[in-house]
file coords-v3.json (JSON, C-alpha atoms)
[["chain", "number", "residue", "atom", "x", "y", "z"],
["A", 716, "MET", "CA", 135.80, -5.97, 130.98],
["A", 717, "LEU", "CA", 138.84, -4.63, 129.10],
["A", 718, "HIS", "CA", 141.06, -7.13, 130.88],
["A", 719, "CYS", "CA", 138.66, -10.00, 130.24],
["A", 720, "PHE", "CA", 138.66, -9.31, 126.51],
["A", 721, "ASN", "CA", 142.37, -8.39, 126.37],
["A", 722, "LEU", "CA", 141.44, -5.02, 124.89],
["A", 723, "ARG", "CA", 144.20, -2.40, 124.92],
["A", 724, "VAL", "CA", 143.30, 1.32, 125.02],
["A", 725, "THR", "CA", 145.53, 3.97, 123.42],
["A", 726, "THR", "CA", 144.88, 7.71, 123.30],
["A", 727, "SER", "CA", 145.86, 10.92, 121.54],
["A", 728, "GLY", "CA", 144.72, 14.54, 121.51],
["A", 729, "GLU", "CA", 143.67, 16.59, 124.53],
["A", 730, "LEU", "CA", 143.12, 13.83, 127.10],
["A", 731, "PRO", "CA", 140.85, 15.27, 129.83],
["A", 732, "ASP", "CA", 141.99, 15.32, 133.42],
["A", 733, "ILE", "CA", 140.52, 12.61, 135.65],
["A", 734, "ARG", "CA", 138.93, 15.43, 137.68],
["A", 735, "THR", "CA", 136.98, 16.70, 134.66],
["A", 736, "HIS", "CA", 133.29, 17.04, 135.48],
["A", 737, "GLY", "CA", 130.07, 18.33, 133.93],
["A", 738, "VAL", "CA", 131.21, 17.60, 130.36],
["A", 739, "LEU", "CA", 129.27, 16.04, 127.49],
["A", 740, "PHE", "CA", 131.46, 13.69, 125.44],
["A", 741, "VAL", "CA", 130.28, 13.10, 121.88],
["A", 742, "ALA", "CA", 131.67, 10.09, 120.02],
["A", 743, "ASN", "CA", 131.27, 7.96, 116.93],
["A", 744, "HIS", "CA", 130.09, 4.46, 117.73],
["A", 745, "ILE", "CA", 131.62, 1.15, 116.64],
["A", 746, "SER", "CA", 131.14, -1.41, 119.38],
["A", 747, "TRP", "CA", 129.81, -2.22, 122.85],
["A", 748, "SER", "CA", 133.42, -1.91, 124.01],
["A", 749, "ASP", "CA", 133.45, 1.84, 123.23],
["A", 750, "ILE", "CA", 131.75, 2.44, 126.57],
["A", 751, "HIS", "CA", 134.29, 0.45, 128.57],
["A", 752, "ALA", "CA", 137.22, 2.11, 126.79],
["A", 753, "ILE", "CA", 136.05, 5.64, 127.59],
["A", 754, "ASN", "CA", 135.05, 4.72, 131.14],
["A", 755, "SER", "CA", 138.51, 3.29, 131.79],
["A", 756, "LEU", "CA", 139.96, 6.80, 131.43],
["A", 757, "ILE", "CA", 137.35, 9.02, 133.04],
["A", 758, "PRO", "CA", 134.09, 8.32, 134.91],
["A", 759, "VAL", "CA", 131.24, 8.84, 132.45],
["A", 760, "ARG", "CA", 127.52, 8.07, 132.34],
["A", 761, "PHE", "CA", 126.24, 7.01, 128.94],
["A", 762, "VAL", "CA", 123.03, 7.44, 127.03],
["A", 763, "ALA", "CA", 122.13, 4.09, 125.45],
["A", 764, "LYS", "CA", 119.23, 2.43, 123.70],
["A", 765, "MET", "CA", 116.72, 0.66, 125.94],
["A", 766, "GLU", "CA", 117.49, -2.79, 124.52],
["A", 767, "ILE", "CA", 120.96, -2.84, 126.11],
["A", 768, "LYS", "CA", 119.39, -3.31, 129.55],
["A", 769, "ASP", "CA", 118.67, -6.96, 128.70],
["A", 770, "TRP", "CA", 122.07, -7.88, 127.24],
["A", 771, "PRO", "CA", 123.94, -10.63, 129.12],
["A", 772, "ILE", "CA", 126.70, -9.39, 131.45],
["A", 773, "PHE", "CA", 127.01, -6.07, 129.67],
["A", 774, "GLY", "CA", 123.43, -5.08, 130.44],
["A", 775, "TYR", "CA", 124.01, -5.60, 134.15],
["A", 776, "LEU", "CA", 127.17, -3.49, 134.07],
["A", 777, "VAL", "CA", 125.61, -0.56, 132.23],
["A", 778, "ARG", "CA", 122.60, -0.55, 134.56],
["A", 779, "LYS", "CA", 124.93, -0.36, 137.56],
["A", 780, "SER", "CA", 127.00, 2.45, 136.02],
["A", 781, "GLY", "CA", 124.16, 4.97, 135.88],
["A", 782, "THR", "CA", 123.40, 4.65, 132.18],
["A", 783, "ILE", "CA", 120.49, 6.78, 130.95],
["A", 784, "PHE", "CA", 118.29, 4.72, 128.64],
["A", 785, "ILE", "CA", 116.39, 6.12, 125.68],
["A", 786, "ASN", "CA", 113.50, 4.50, 123.87],
["A", 787, "ARG", "CA", 114.30, 5.17, 120.21],
["A", 788, "THR", "CA", 110.86, 3.93, 119.12],
["A", 789, "ARG", "CA", 109.23, 6.94, 120.79],
["A", 790, "ASN", "CA", 109.91, 10.32, 119.23],
["A", 791, "ARG", "CA", 109.01, 12.17, 122.41],
["A", 792, "ASP", "CA", 111.43, 10.20, 124.56],
["A", 793, "ALA", "CA", 114.33, 12.40, 123.44],
["A", 794, "ALA", "CA", 112.83, 15.37, 125.31],
["A", 795, "ARG", "CA", 112.64, 13.32, 128.51],
["A", 796, "VAL", "CA", 116.26, 12.20, 128.14],
["A", 797, "VAL", "CA", 117.45, 15.75, 127.39],
["A", 798, "ASN", "CA", 115.92, 16.90, 130.68],
["A", 799, "ILE", "CA", 117.60, 14.08, 132.59],
["A", 800, "CYS", "CA", 120.94, 14.74, 130.91],
["A", 801, "SER", "CA", 120.79, 18.49, 131.48],
["A", 802, "HIS", "CA", 120.11, 17.93, 135.16],
["A", 803, "ALA", "CA", 122.95, 15.41, 135.41],
["A", 804, "LEU", "CA", 125.41, 17.81, 133.76],
["A", 805, "LYS", "CA", 124.39, 20.57, 136.16],
["A", 806, "LEU", "CA", 125.17, 18.15, 139.01],
["A", 807, "ASN", "CA", 128.67, 17.76, 137.48],
["A", 808, "ASP", "CA", 128.21, 14.27, 136.05],
["A", 809, "ASN", "CA", 130.13, 13.55, 132.85],
["A", 810, "LEU", "CA", 127.94, 12.13, 130.08],
["A", 811, "CYS", "CA", 128.60, 10.55, 126.71],
["A", 812, "VAL", "CA", 126.30, 10.25, 123.72],
["A", 813, "PHE", "CA", 126.70, 8.51, 120.36],
["A", 814, "PRO", "CA", 124.78, 10.83, 118.01],
["A", 815, "GLU", "CA", 125.09, 8.58, 114.97],
["A", 816, "GLY", "CA", 122.29, 6.63, 116.64],
["A", 817, "THR", "CA", 123.79, 3.27, 115.67],
["A", 818, "THR", "CA", 127.11, 1.48, 115.32],
["A", 819, "THR", "CA", 129.18, 1.35, 112.13],
["A", 820, "GLU", "CA", 132.18, -0.65, 110.97],
["A", 821, "GLY", "CA", 134.33, 2.43, 111.46],
["A", 822, "LEU", "CA", 134.76, 3.11, 107.75],
["A", 823, "SER", "CA", 132.72, 6.32, 107.92],
["A", 824, "VAL", "CA", 131.01, 8.65, 110.37],
["A", 825, "LEU", "CA", 127.26, 8.90, 109.90],
["A", 826, "PRO", "CA", 125.52, 12.29, 110.20],
["A", 827, "PHE", "CA", 124.98, 13.27, 113.83],
["A", 828, "LYS", "CA", 121.52, 13.59, 115.30],
["A", 829, "SER", "CA", 121.56, 16.79, 117.35],
["A", 830, "SER", "CA", 118.68, 16.36, 119.81],
["A", 831, "LEU", "CA", 120.66, 15.16, 122.85],
["A", 832, "LEU", "CA", 123.25, 17.94, 122.46],
["A", 833, "GLN", "CA", 120.52, 20.31, 123.64],
["A", 834, "ALA", "CA", 121.30, 19.07, 127.17],
["A", 835, "ALA", "CA", 124.77, 20.64, 127.03],
["A", 836, "ILE", "CA", 123.29, 23.95, 125.87],
["A", 837, "GLU", "CA", 120.77, 23.98, 128.70],
["A", 838, "ALA", "CA", 123.46, 23.12, 131.26],
["A", 839, "ASN", "CA", 126.03, 25.48, 129.69],
["A", 840, "SER", "CA", 128.47, 22.56, 129.57],
["A", 841, "GLN", "CA", 131.49, 21.94, 127.42],
["A", 842, "ILE", "CA", 131.36, 19.32, 124.67],
["A", 843, "ILE", "CA", 134.40, 17.18, 123.95],
["A", 844, "PRO", "CA", 134.43, 15.16, 120.71],
["A", 845, "VAL", "CA", 135.95, 11.66, 120.87],
["A", 846, "ALA", "CA", 137.04, 9.82, 117.72],
["A", 847, "ILE", "CA", 136.98, 6.04, 118.21],
["A", 848, "HIS", "CA", 139.09, 3.74, 116.04],
["A", 849, "TYR", "CA", 139.89, 0.02, 116.27],
["A", 850, "PRO", "CA", 143.16, -0.32, 114.37],
["A", 851, "LEU", "CA", 144.94, -3.39, 113.10],
["A", 852, "PRO", "CA", 148.74, -3.45, 113.48],
["A", 853, "ASP", "CA", 149.04, -1.81, 110.04],
["A", 854, "GLY", "CA", 146.64, 0.98, 111.02],
["A", 855, "GLN", "CA", 143.72, -0.23, 108.93],
["A", 856, "PRO", "CA", 140.31, -0.57, 110.62],
["A", 857, "ASN", "CA", 139.76, -3.83, 112.48],
["A", 858, "LEU", "CA", 136.35, -4.70, 111.05],
["A", 859, "GLU", "CA", 136.00, -7.72, 113.36],
["A", 860, "ALA", "CA", 135.86, -5.34, 116.33],
["A", 861, "ALA", "CA", 132.72, -3.67, 115.03],
["A", 862, "TYR", "CA", 129.40, -4.59, 116.59],
["A", 863, "ALA", "CA", 127.32, -3.74, 113.55],
["A", 864, "GLY", "CA", 124.75, -5.29, 111.26],
["A", 865, "ASP", "CA", 123.07, -8.50, 112.37],
["A", 866, "THR", "CA", 125.86, -9.67, 114.68],
["A", 867, "SER", "CA", 124.60, -10.77, 118.11],
["A", 868, "ILE", "CA", 126.23, -9.49, 121.29],
["A", 869, "ILE", "CA", 127.32, -13.05, 122.19],
["A", 870, "ALA", "CA", 128.89, -13.57, 118.76],
["A", 871, "SER", "CA", 130.69, -10.22, 119.02],
["A", 872, "MET", "CA", 132.09, -11.04, 122.45],
["A", 873, "SER", "CA", 133.23, -14.43, 121.15],
["A", 874, "THR", "CA", 135.04, -12.73, 118.28],
["A", 875, "TYR", "CA", 136.87, -10.45, 120.72],
["A", 876, "LEU", "CA", 138.03, -13.44, 122.75],
["A", 877, "LYS", "CA", 139.60, -14.95, 119.62],
["A", 878, "MET", "CA", 141.60, -11.81, 118.76],
["A", 879, "LEU", "CA", 145.25, -11.83, 119.81],
["A", 880, "GLN", "CA", 145.52, -8.21, 120.95],
["A", 881, "PRO", "CA", 142.58, -6.01, 119.97],
["A", 882, "THR", "CA", 143.23, -2.29, 120.34],
["A", 883, "VAL", "CA", 140.89, 0.68, 120.58],
["A", 884, "HIS", "CA", 142.27, 4.17, 120.01],
["A", 885, "LEU", "CA", 140.50, 7.21, 121.45],
["A", 886, "HIS", "CA", 141.35, 10.65, 120.08],
["A", 887, "PHE", "CA", 140.06, 13.48, 122.26],
["A", 888, "GLY", "CA", 139.28, 16.60, 120.28],
["A", 889, "THR", "CA", 139.27, 20.27, 121.17],
["A", 890, "PRO", "CA", 136.66, 21.16, 123.83],
["A", 891, "MET", "CA", 133.71, 23.13, 122.45],
["A", 892, "THR", "CA", 131.72, 25.78, 124.27],
["A", 893, "THR", "CA", 127.96, 25.83, 123.79],
["A", 894, "SER", "CA", 127.28, 29.52, 124.41],
["A", 895, "GLY", "CA", 125.56, 31.19, 121.46],
["A", 896, "GLN", "CA", 125.40, 27.98, 119.41],
["A", 897, "THR", "CA", 122.52, 25.84, 118.23],
["A", 898, "ARG", "CA", 122.52, 22.10, 118.75],
["A", 899, "GLN", "CA", 122.75, 21.64, 114.98],
["A", 900, "GLN", "CA", 125.90, 23.78, 114.80],
["A", 901, "LEU", "CA", 127.44, 21.86, 117.69],
["A", 902, "ALA", "CA", 126.62, 18.52, 116.05],
["A", 903, "GLN", "CA", 128.26, 19.65, 112.81],
["A", 904, "GLN", "CA", 131.38, 20.88, 114.60],
["A", 905, "ALA", "CA", 131.74, 17.69, 116.65],
["A", 906, "HIS", "CA", 131.22, 15.59, 113.53],
["A", 907, "ALA", "CA", 133.88, 17.58, 111.66],
["A", 908, "GLN", "CA", 136.44, 17.10, 114.45],
["A", 909, "ILE", "CA", 135.81, 13.37, 114.66],
["A", 910, "HIS", "CA", 135.83, 12.87, 110.90],
["A", 911, "ALA", "CA", 139.11, 14.80, 110.57],
["A", 912, "ALA", "CA", 140.73, 12.75, 113.35],
["A", 913, "LEU", "CA", 139.75, 9.48, 111.69],
["A", 914, "PHE", "CA", 140.18, 10.21, 107.99],
["A", 915, "ALA", "CA", 142.35, 13.31, 107.52]]

call {"tool": "encode", "arguments": {"input": "coords-v3.json", "output": "structure tokens"}}
result
Amino acid sequence: MLHCFNLRVTTSGELPDIRTHGVLFVANHISWSDIHAINSLIPVRFVAKMEIKDWPIFGYLVRKSGTIFINRTRNRDAARVVNICSHALKLNDNLCVFPEGTTTEGLSVLPFKSSLLQAAIEANSQIIPVAIHYPLPDGQPNLEAAYAGDTSIIASMSTYLKMLQPTVHLHFGTPMTTSGQTRQQLAQQAHAQIHAALFA
């Protein structure tokens, strides 16, 4: 997918070893391409909204990659997904969640919802924050890369194809231990790391 859309991935921070396992990655969310960028560096299963299953091309790929789907219209579905995620982490799968709960243009980081971070506590797993940024050559945010608002997935993919050399930058933060922490504290700490990486 990265090759098809000519998307270049750059990194900074504490890039995890390819053999890393049983870790929960926590990231801000800008586009459908976030998933492909992270997965190009380390095998990760994602937690995604149920609607993605039916997206053209992309939906097929995420279904085949072991994505865990959550129904955001049901309040109780988070508990089901936490149990699945906790079990997966204990089996040494890497997972990634986007606790903003939606995509943004990358101009801010929305408050993090903490519910899914409970899985890392139950599995006694590390959490690694990932700050995602789509920069223009001058370093400013590439707003065209954002899949936000009323843009359709087809329109977003078409926009990517028209870009000369879109770039996504992933900054891997300091790993966080979950022992003795609440999910709310972990969400705040992950948010602080990501916000500092993007806007400090």

call {"tool": "atom_distance", "arguments": {"input": "coords-v3.json", "atom1": "CA of Ala846 (chain A)", "atom2": "CA of Gln908 (chain A)"}}
result
8.0 Å

call {"tool": "closest_residue", "arguments": {"input": "coords-v3.json", "among": "A:Asn790, A:Ser867, A:Ser823, A:Asn857", "to": "Ala915 (chain A)", "atoms": "all atoms listed in the file"}}
result
A:Ser823

call {"tool": "closest_atom_pairs", "arguments": {"input": "coords-v3.json", "of": "region 748-827 of chain A", "to": "region 718-729 of chain A", "cutoff": "9 Å", "atoms": "all atoms listed in the file", "output": "CSV"}}
result
residue,atom,partner,partner_atom,distance
A:Ser748,CA,A:Leu722,CA,8.6
A:Ala752,CA,A:Val724,CA,6.4
A:Ile753,CA,A:Val724,CA,8.8
A:Ser755,CA,A:Val724,CA,8.5

call {"tool": "closest_residue", "arguments": {"input": "coords-v3.json", "among": "A:Gln833, A:Gln841, A:Thr889, A:Thr819", "to": "Pro856 (chain A)", "atoms": "only C-alpha atoms"}}
result
A:Thr819

call {"tool": "closest_residue", "arguments": {"input": "coords-v3.json", "among": "A:Val812, A:Ile909, A:Ile869, A:Leu804", "to": "His886 (chain A)", "atoms": "all atoms listed in the file"}}
result
A:Ile909

call {"tool": "atom_distance", "arguments": {"input": "coords-v3.json", "atom1": "CA of Leu810 (chain A)", "atom2": "CA of Arg789 (chain A)"}}
result
21.5 Å

call {"tool": "closest_residue", "arguments": {"input": "coords-v3.json", "among": "A:Ser873, A:Asn754, A:Ser801, A:Asn839", "to": "Gly895 (chain A)", "atoms": "only C-alpha atoms"}}
result
A:Asn839

call {"tool": "residues_near_point", "arguments": {"input": "coords-v3.json", "point": "(127.9, 4.6, 118.6)", "cutoff": "8 Å", "atoms": "only C-alpha atoms", "output": "PyMOL selection string"}}
result
chain A and resi 742-746+749+812-819

call {"tool": "write_last_selection", "arguments": {"input": "coords-v3.json", "atoms": "C-alpha atoms", "output": "short mmCIF file (atom, residue, chain, number, x, y, z; two decimals), in the frame of the given file"}}
result
data_model
loop_
_atom_site.label_atom_id
_atom_site.label_comp_id
_atom_site.auth_asym_id
_atom_site.auth_seq_id
_atom_site.Cartn_x
_atom_site.Cartn_y
_atom_site.Cartn_z
CA ALA A 742 131.67 10.09 120.02
CA ASN A 743 131.27 7.96 116.93
CA HIS A 744 130.09 4.46 117.73
CA ILE A 745 131.62 1.15 116.64
CA SER A 746 131.14 -1.41 119.38
CA ASP A 749 133.45 1.84 123.23
CA VAL A 812 126.30 10.25 123.72
CA PHE A 813 126.70 8.51 120.36
CA PRO A 814 124.78 10.83 118.01
CA GLU A 815 125.09 8.58 114.97
CA GLY A 816 122.29 6.63 116.64
CA THR A 817 123.79 3.27 115.67
CA THR A 818 127.11 1.48 115.32
CA THR A 819 129.18 1.35 112.13
#

call {"tool": "closest_residue", "arguments": {"input": "coords-v3.json", "among": "A:Gln855, A:Ser830, A:Asn809, A:Thr735", "to": "Phe914 (chain A)", "atoms": "all atoms listed in the file"}}
result
A:Gln855

call {"tool": "closest_residue", "arguments": {"input": "coords-v3.json", "among": "A:Ile847, A:Ala863, A:Leu831, A:Ala870", "to": "Thr882 (chain A)", "atoms": "all atoms listed in the file"}}
result
A:Ile847

call {"tool": "atom_distance", "arguments": {"input": "coords-v3.json", "atom1": "CA of Glu820 (chain A)", "atom2": "CA of Ala861 (chain A)"}}
result
5.1 Å

call {"tool": "residues_near_point", "arguments": {"input": "coords-v3.json", "point": "(120.2, 23.3, 119.1)", "cutoff": "10 Å", "atoms": "all atoms listed in the file", "output": "NGL selection string"}}
result
:A and (829-837 or 893 or 895-902)

call {"tool": "residues_around", "arguments": {"input": "coords-v3.json", "residues": "Tyr875 (chain A)", "least_positions_apart": "6", "cutoff": "8 Å", "atoms": "all atoms listed in the file", "output": "count of residues only"}}
result
4

call {"tool": "residues_around", "arguments": {"input": "coords-v3.json", "residues": "Asn786 (chain A)", "least_positions_apart": "5", "cutoff": "8 Å", "atoms": "all atoms listed in the file", "output": "list in words"}}
result
Lys764, Met765, Asp792 and Ala793 of chain A

call {"tool": "write_last_selection", "arguments": {"input": "coords-v3.json", "atoms": "C-alpha atoms", "output": "compact mmCIF listing (two decimals), in the frame of the given file"}}
result
# COMPACT_ATOMS: atom_id res chain seq x y z
CA LYS A 764 119.23 2.43 123.70
CA MET A 765 116.72 0.66 125.94
CA ASP A 792 111.43 10.20 124.56
CA ALA A 793 114.33 12.40 123.44

call {"tool": "build_atoms", "arguments": {"input": "coords-v3.json", "residues": "region 844-862 of chain A", "atoms": "N, CA and C atoms", "output": "PDB file, in the frame of the given file"}}
result
ATOM      1  N   PRO A 844     134.568  16.229 121.696  1.00  0.00           N
ATOM      2  CA  PRO A 844     134.430  15.160 120.710  1.00  0.00           C
ATOM      3  C   PRO A 844     135.465  14.051 120.958  1.00  0.00           C
ATOM      4  N   VAL A 845     135.046  12.808 120.727  1.00  0.00           N
ATOM      5  CA  VAL A 845     135.950  11.660 120.870  1.00  0.00           C
ATOM      6  C   VAL A 845     135.850  10.812 119.600  1.00  0.00           C
ATOM      7  N   ALA A 846     136.981  10.655 118.916  1.00  0.00           N
ATOM      8  CA  ALA A 846     137.040   9.820 117.720  1.00  0.00           C
ATOM      9  C   ALA A 846     137.505   8.429 118.109  1.00  0.00           C
ATOM     10  N   ILE A 847     136.687   7.417 117.818  1.00  0.00           N
ATOM     11  CA  ILE A 847     136.980   6.040 118.210  1.00  0.00           C
ATOM     12  C   ILE A 847     137.402   5.235 116.989  1.00  0.00           C
ATOM     13  N   HIS A 848     138.518   4.518 117.150  1.00  0.00           N
ATOM     14  CA  HIS A 848     139.090   3.740 116.040  1.00  0.00           C
ATOM     15  C   HIS A 848     139.638   2.437 116.589  1.00  0.00           C
ATOM     16  N   TYR A 849     139.340   1.330 115.905  1.00  0.00           N
ATOM     17  CA  TYR A 849     139.890   0.020 116.270  1.00  0.00           C
ATOM     18  C   TYR A 849     140.901  -0.363 115.187  1.00  0.00           C
ATOM     19  N   PRO A 850     142.173  -0.086 115.423  1.00  0.00           N
ATOM     20  CA  PRO A 850     143.160  -0.320 114.370  1.00  0.00           C
ATOM     21  C   PRO A 850     143.769  -1.726 114.400  1.00  0.00           C
ATOM     22  N   LEU A 851     144.090  -2.227 113.222  1.00  0.00           N
ATOM     23  CA  LEU A 851     144.940  -3.390 113.100  1.00  0.00           C
ATOM     24  C   LEU A 851     146.395  -2.940 113.234  1.00  0.00           C
ATOM     25  N   PRO A 852     147.337  -3.861 113.359  1.00  0.00           N
ATOM     26  CA  PRO A 852     148.740  -3.450 113.480  1.00  0.00           C
ATOM     27  C   PRO A 852     149.222  -2.534 112.349  1.00  0.00           C
ATOM     28  N   ASP A 853     148.627  -2.668 111.153  1.00  0.00           N
ATOM     29  CA  ASP A 853     149.040  -1.810 110.040  1.00  0.00           C
ATOM     30  C   ASP A 853     148.262  -0.503 109.974  1.00  0.00           C
ATOM     31  N   GLY A 854     147.387  -0.274 110.967  1.00  0.00           N
ATOM     32  CA  GLY A 854     146.640   0.980 111.020  1.00  0.00           C
ATOM     33  C   GLY A 854     145.273   0.934 110.356  1.00  0.00           C
ATOM     34  N   GLN A 855     145.019  -0.104 109.579  1.00  0.00           N
ATOM     35  CA  GLN A 855     143.720  -0.230 108.930  1.00  0.00           C
ATOM     36  C   GLN A 855     142.641  -0.587 109.956  1.00  0.00           C
ATOM     37  N   PRO A 856     141.377  -0.265 109.670  1.00  0.00           N
ATOM     38  CA  PRO A 856     140.310  -0.570 110.620  1.00  0.00           C
ATOM     39  C   PRO A 856     140.166  -2.077 110.859  1.00  0.00           C
ATOM     40  N   ASN A 857     140.012  -2.440 112.109  1.00  0.00           N
ATOM     41  CA  ASN A 857     139.760  -3.830 112.480  1.00  0.00           C
ATOM     42  C   ASN A 857     138.248  -4.069 112.403  1.00  0.00           C
ATOM     43  N   LEU A 858     137.789  -4.555 111.277  1.00  0.00           N
ATOM     44  CA  LEU A 858     136.350  -4.700 111.050  1.00  0.00           C
ATOM     45  C   LEU A 858     135.728  -5.751 111.962  1.00  0.00           C
ATOM     46  N   GLU A 859     136.534  -6.700 112.453  1.00  0.00           N
ATOM     47  CA  GLU A 859     136.000  -7.720 113.360  1.00  0.00           C
ATOM     48  C   GLU A 859     135.614  -7.132 114.706  1.00  0.00           C
ATOM     49  N   ALA A 860     136.172  -5.963 115.043  1.00  0.00           N
ATOM     50  CA  ALA A 860     135.860  -5.340 116.330  1.00  0.00           C
ATOM     51  C   ALA A 860     134.512  -4.643 116.319  1.00  0.00           C
ATOM     52  N   ALA A 861     133.974  -4.411 115.132  1.00  0.00           N
ATOM     53  CA  ALA A 861     132.720  -3.670 115.030  1.00  0.00           C
ATOM     54  C   ALA A 861     131.537  -4.529 115.441  1.00  0.00           C
ATOM     55  N   TYR A 862     130.665  -3.933 116.253  1.00  0.00           N
ATOM     56  CA  TYR A 862     129.400  -4.590 116.590  1.00  0.00           C
ATOM     57  C   TYR A 862     128.331  -3.913 115.743  1.00  0.00           C
TER      58      TYR A 862
END
